Amino acid sequence: MYHILFLHEMPEYDCRVQDYLRLAGYEVKEALLSERSYENELRRYDMILFDYVAPDTLMQVVGRIRSKVQIPIIILSEENDEWEKIKLFQAEIDDYIVKPYGQGEFLARIQAHIERYKRLTKPIGIIRVEDLEIHAFSRKVYLNDNEVELRLKEFDVLLYLAKHMDEVVSKQELYEAVWGDGLNDGLYNSVAVHVKKIRGKIEKDINNPRYIETVWGVGYRLRS
């Protein structure tokens, strides 16, 4: 699921944009520009949408965002001033959509920009899940840009789950892939122990894990 940050300047904003996006399968976070706390979480999102923002404010905010991330930025506006659009494109926005617009075209543009960005920025050997990065070649893991110290088998378990993102991996399969032996009763708990240790290093709440989900009676799944 792709995550979109929706920014505006209206405290009582009422618009169908969020409904369109959520019905299309996107997760949308709404925030007022004045809050500014969203700037600390930009890496969580796959796109930023602006609506009802003054042109001068837009230039300042886009500049700050571009200094931190390169995710697609789309402006929604009732204004069709060519000079304002030129200045914003020079500030490196990705699209400027003038109202009124068709719902189908709007969603098609959103999808196209996100997929193009993902395709062009997909790094070799790096798997990203929100704030978690798994570097396969260097065998390093980062959470919120801070390196996470994993032991040899802990990294191997996490990497195997990452390579099978959103798939349920049985304990049997996981053990054979990482340890190279058939799973027996004496070693059955090794998988669970290692998963517990990994969770302790990457999860905010090990009792309600964001990344590694337990599928009871089967195994584990790393959620995208």
# chains A, B, ... in the order shown; residues from 1 in each chain; ligands from 1
>>> residues_around(residues="A:Ile202", least_positions_apart="6", cutoff="10 Å", atoms="only C-alpha atoms", output="MDAnalysis selection string")
chainID A and resid 131:132 141:144 148:150 209:212
>>> select_by_dssp(residues="stretch 82-216 of chain A", states="alpha helix (DSSP H)", output="MDAnalysis selection string")
chainID A and resid 82:90 103:121 152:163 171:179 188:202
>>> write_last_selection(atoms="C-alpha atoms", output="mmCIF file, in the first residue's frame")
data_model
loop_
_atom_site.group_PDB
_atom_site.id
_atom_site.type_symbol
_atom_site.label_atom_id
_atom_site.label_comp_id
_atom_site.auth_asym_id
_atom_site.auth_seq_id
_atom_site.Cartn_x
_atom_site.Cartn_y
_atom_site.Cartn_z
ATOM 1 C CA GLU A 82 1.192 30.044 -16.226
ATOM 2 C CA TRP A 83 3.935 31.998 -14.437
ATOM 3 C CA GLU A 84 3.070 30.480 -11.052
ATOM 4 C CA LYS A 85 3.136 27.006 -12.582
ATOM 5 C CA ILE A 86 6.517 27.676 -14.194
ATOM 6 C CA LYS A 87 8.003 28.801 -10.875
ATOM 7 C CA LEU A 88 6.686 25.718 -9.112
ATOM 8 C CA PHE A 89 8.034 23.369 -11.792
ATOM 9 C CA GLN A 90 11.380 25.110 -11.453
ATOM 10 C CA GLN A 103 -11.589 11.554 -10.817
ATOM 11 C CA GLY A 104 -10.237 8.947 -13.235
ATOM 12 C CA GLU A 105 -7.531 11.235 -14.628
ATOM 13 C CA PHE A 106 -6.602 12.374 -11.126
ATOM 14 C CA LEU A 107 -6.080 8.819 -9.868
ATOM 15 C CA ALA A 108 -4.239 7.839 -13.057
ATOM 16 C CA ARG A 109 -1.758 10.689 -12.563
ATOM 17 C CA ILE A 110 -1.216 9.751 -8.922
ATOM 18 C CA GLN A 111 -0.505 6.138 -9.825
ATOM 19 C CA ALA A 112 1.752 7.029 -12.743
ATOM 20 C CA HIS A 113 3.927 9.396 -10.711
ATOM 21 C CA ILE A 114 4.336 6.972 -7.809
ATOM 22 C CA GLU A 115 5.147 3.996 -10.035
ATOM 23 C CA ARG A 116 7.639 6.014 -12.097
ATOM 24 C CA TYR A 117 9.374 7.217 -8.940
ATOM 25 C CA LYS A 118 9.549 3.690 -7.516
ATOM 26 C CA ARG A 119 10.910 2.328 -10.775
ATOM 27 C CA LEU A 120 13.600 4.994 -11.173
ATOM 28 C CA THR A 121 14.764 4.949 -7.555
ATOM 29 C CA LEU A 152 24.545 -13.235 11.686
ATOM 30 C CA LYS A 153 21.470 -15.471 11.824
ATOM 31 C CA GLU A 154 19.178 -12.613 12.815
ATOM 32 C CA PHE A 155 20.115 -10.791 9.620
ATOM 33 C CA ASP A 156 19.657 -13.955 7.549
ATOM 34 C CA VAL A 157 16.176 -14.523 8.983
ATOM 35 C CA LEU A 158 15.129 -10.910 8.330
ATOM 36 C CA LEU A 159 16.557 -10.933 4.805
ATOM 37 C CA TYR A 160 14.777 -14.169 3.905
ATOM 38 C CA LEU A 161 11.465 -12.756 5.118
ATOM 39 C CA ALA A 162 12.148 -9.536 3.173
ATOM 40 C CA LYS A 163 12.801 -11.472 -0.036
ATOM 41 C CA LYS A 171 9.086 -22.092 10.422
ATOM 42 C CA GLN A 172 10.202 -25.191 8.555
ATOM 43 C CA GLU A 173 11.039 -23.217 5.395
ATOM 44 C CA LEU A 174 12.727 -20.439 7.352
ATOM 45 C CA TYR A 175 14.895 -22.827 9.342
ATOM 46 C CA GLU A 176 15.986 -24.825 6.288
ATOM 47 C CA ALA A 177 16.790 -21.613 4.362
ATOM 48 C CA VAL A 178 18.865 -20.038 7.157
ATOM 49 C CA TRP A 179 20.356 -22.994 9.015
ATOM 50 C CA TYR A 188 12.166 -25.890 16.615
ATOM 51 C CA ASN A 189 12.354 -22.883 18.940
ATOM 52 C CA SER A 190 15.431 -21.413 17.212
ATOM 53 C CA VAL A 191 13.295 -19.638 14.636
ATOM 54 C CA ALA A 192 10.946 -18.152 17.235
ATOM 55 C CA VAL A 193 13.865 -17.038 19.416
ATOM 56 C CA HIS A 194 15.575 -15.250 16.541
ATOM 57 C CA VAL A 195 12.338 -13.586 15.409
ATOM 58 C CA LYS A 196 11.775 -12.361 18.960
ATOM 59 C CA LYS A 197 15.274 -10.872 19.074
ATOM 60 C CA ILE A 198 14.791 -9.151 15.711
ATOM 61 C CA ARG A 199 11.491 -7.677 16.856
ATOM 62 C CA GLY A 200 13.161 -6.338 19.966
ATOM 63 C CA LYS A 201 15.510 -4.342 17.718
ATOM 64 C CA ILE A 202 13.157 -3.082 14.982
#
>>> residues_around(residues="A:Gly125", least_positions_apart="2", cutoff="12 Å", atoms="only C-alpha atoms", output="list of chain:residue names")
A:Lys122, A:Pro123, A:Ile127, A:Arg128, A:Glu133, A:Ile134, A:His135, A:Ala136, A:Phe137, A:Ser138, A:Arg139, A:Lys140, A:Val141, A:Leu159, A:Ala162, A:Lys163
>>> residues_around(residues="A:Val218", least_positions_apart="6", cutoff="8 Å", atoms="only C-alpha atoms", output="PyMOL selection string")
chain A and resi 168-171
>>> select_by_dssp(residues="stretch 10-211 of chain A", states="strand (DSSP E)", output="number ranges by chain")
A: 27-32, 47-51, 73-77, 95-98, 126-129, 132-135, 140-143, 146-148, 169-170
>>> residues_around(residues="A:Asn40", least_positions_apart="4", cutoff="12 Å", atoms="only C-alpha atoms", output="PyMOL selection string")
chain A and resi 35-36+44-45+64-65+68-69+131+144
>>> write_last_selection(atoms="N, CA and C atoms", output="PDB file, in the first residue's frame")
ATOM      1  N   GLU A  35       1.464  22.881  11.046  1.00  0.00           N
ATOM      2  CA  GLU A  35       1.895  21.918  12.056  1.00  0.00           C
ATOM      3  C   GLU A  35       3.403  21.670  12.010  1.00  0.00           C
ATOM      4  N   ARG A  36       3.947  21.591  10.797  1.00  0.00           N
ATOM      5  CA  ARG A  36       5.388  21.417  10.576  1.00  0.00           C
ATOM      6  C   ARG A  36       5.958  20.081  11.077  1.00  0.00           C
ATOM      7  N   ARG A  44       8.373   8.541   5.279  1.00  0.00           N
ATOM      8  CA  ARG A  44       7.318   7.536   5.396  1.00  0.00           C
ATOM      9  C   ARG A  44       6.416   7.493   4.166  1.00  0.00           C
ATOM     10  N   TYR A  45       6.450   8.573   3.370  1.00  0.00           N
ATOM     11  CA  TYR A  45       5.452   8.732   2.318  1.00  0.00           C
ATOM     12  C   TYR A  45       6.019   8.469   0.921  1.00  0.00           C
ATOM     13  N   ARG A  64      11.749  23.376   1.159  1.00  0.00           N
ATOM     14  CA  ARG A  64      12.178  22.635   2.345  1.00  0.00           C
ATOM     15  C   ARG A  64      12.041  21.131   2.135  1.00  0.00           C
ATOM     16  N   ILE A  65      10.941  20.735   1.509  1.00  0.00           N
ATOM     17  CA  ILE A  65      10.722  19.301   1.276  1.00  0.00           C
ATOM     18  C   ILE A  65      11.769  18.744   0.322  1.00  0.00           C
ATOM     19  N   LYS A  68      15.014  17.507   1.537  1.00  0.00           N
ATOM     20  CA  LYS A  68      15.015  16.303   2.364  1.00  0.00           C
ATOM     21  C   LYS A  68      14.672  15.040   1.592  1.00  0.00           C
ATOM     22  N   VAL A  69      13.701  15.111   0.684  1.00  0.00           N
ATOM     23  CA  VAL A  69      13.271  13.924  -0.061  1.00  0.00           C
ATOM     24  C   VAL A  69      12.992  14.287  -1.514  1.00  0.00           C
ATOM     25  N   ASP A 131      10.228   2.880   7.410  1.00  0.00           N
ATOM     26  CA  ASP A 131      11.471   3.408   7.985  1.00  0.00           C
ATOM     27  C   ASP A 131      12.568   2.352   8.103  1.00  0.00           C
ATOM     28  N   ASN A 144      14.953   4.226  10.742  1.00  0.00           N
ATOM     29  CA  ASN A 144      14.979   5.689  10.892  1.00  0.00           C
ATOM     30  C   ASN A 144      16.389   6.241  10.689  1.00  0.00           C
TER      31      ASN A 144
END
>>> closest_residue(among="A:Lys99, A:His164, A:His3, A:Arg221", to="A:Asp46", atoms="only C-alpha atoms")
A:His3
>>> closest_residue(among="A:Asp19, A:Glu30, A:Glu9, A:Asp94", to="A:Arg66", atoms="only C-alpha atoms")
A:Asp94
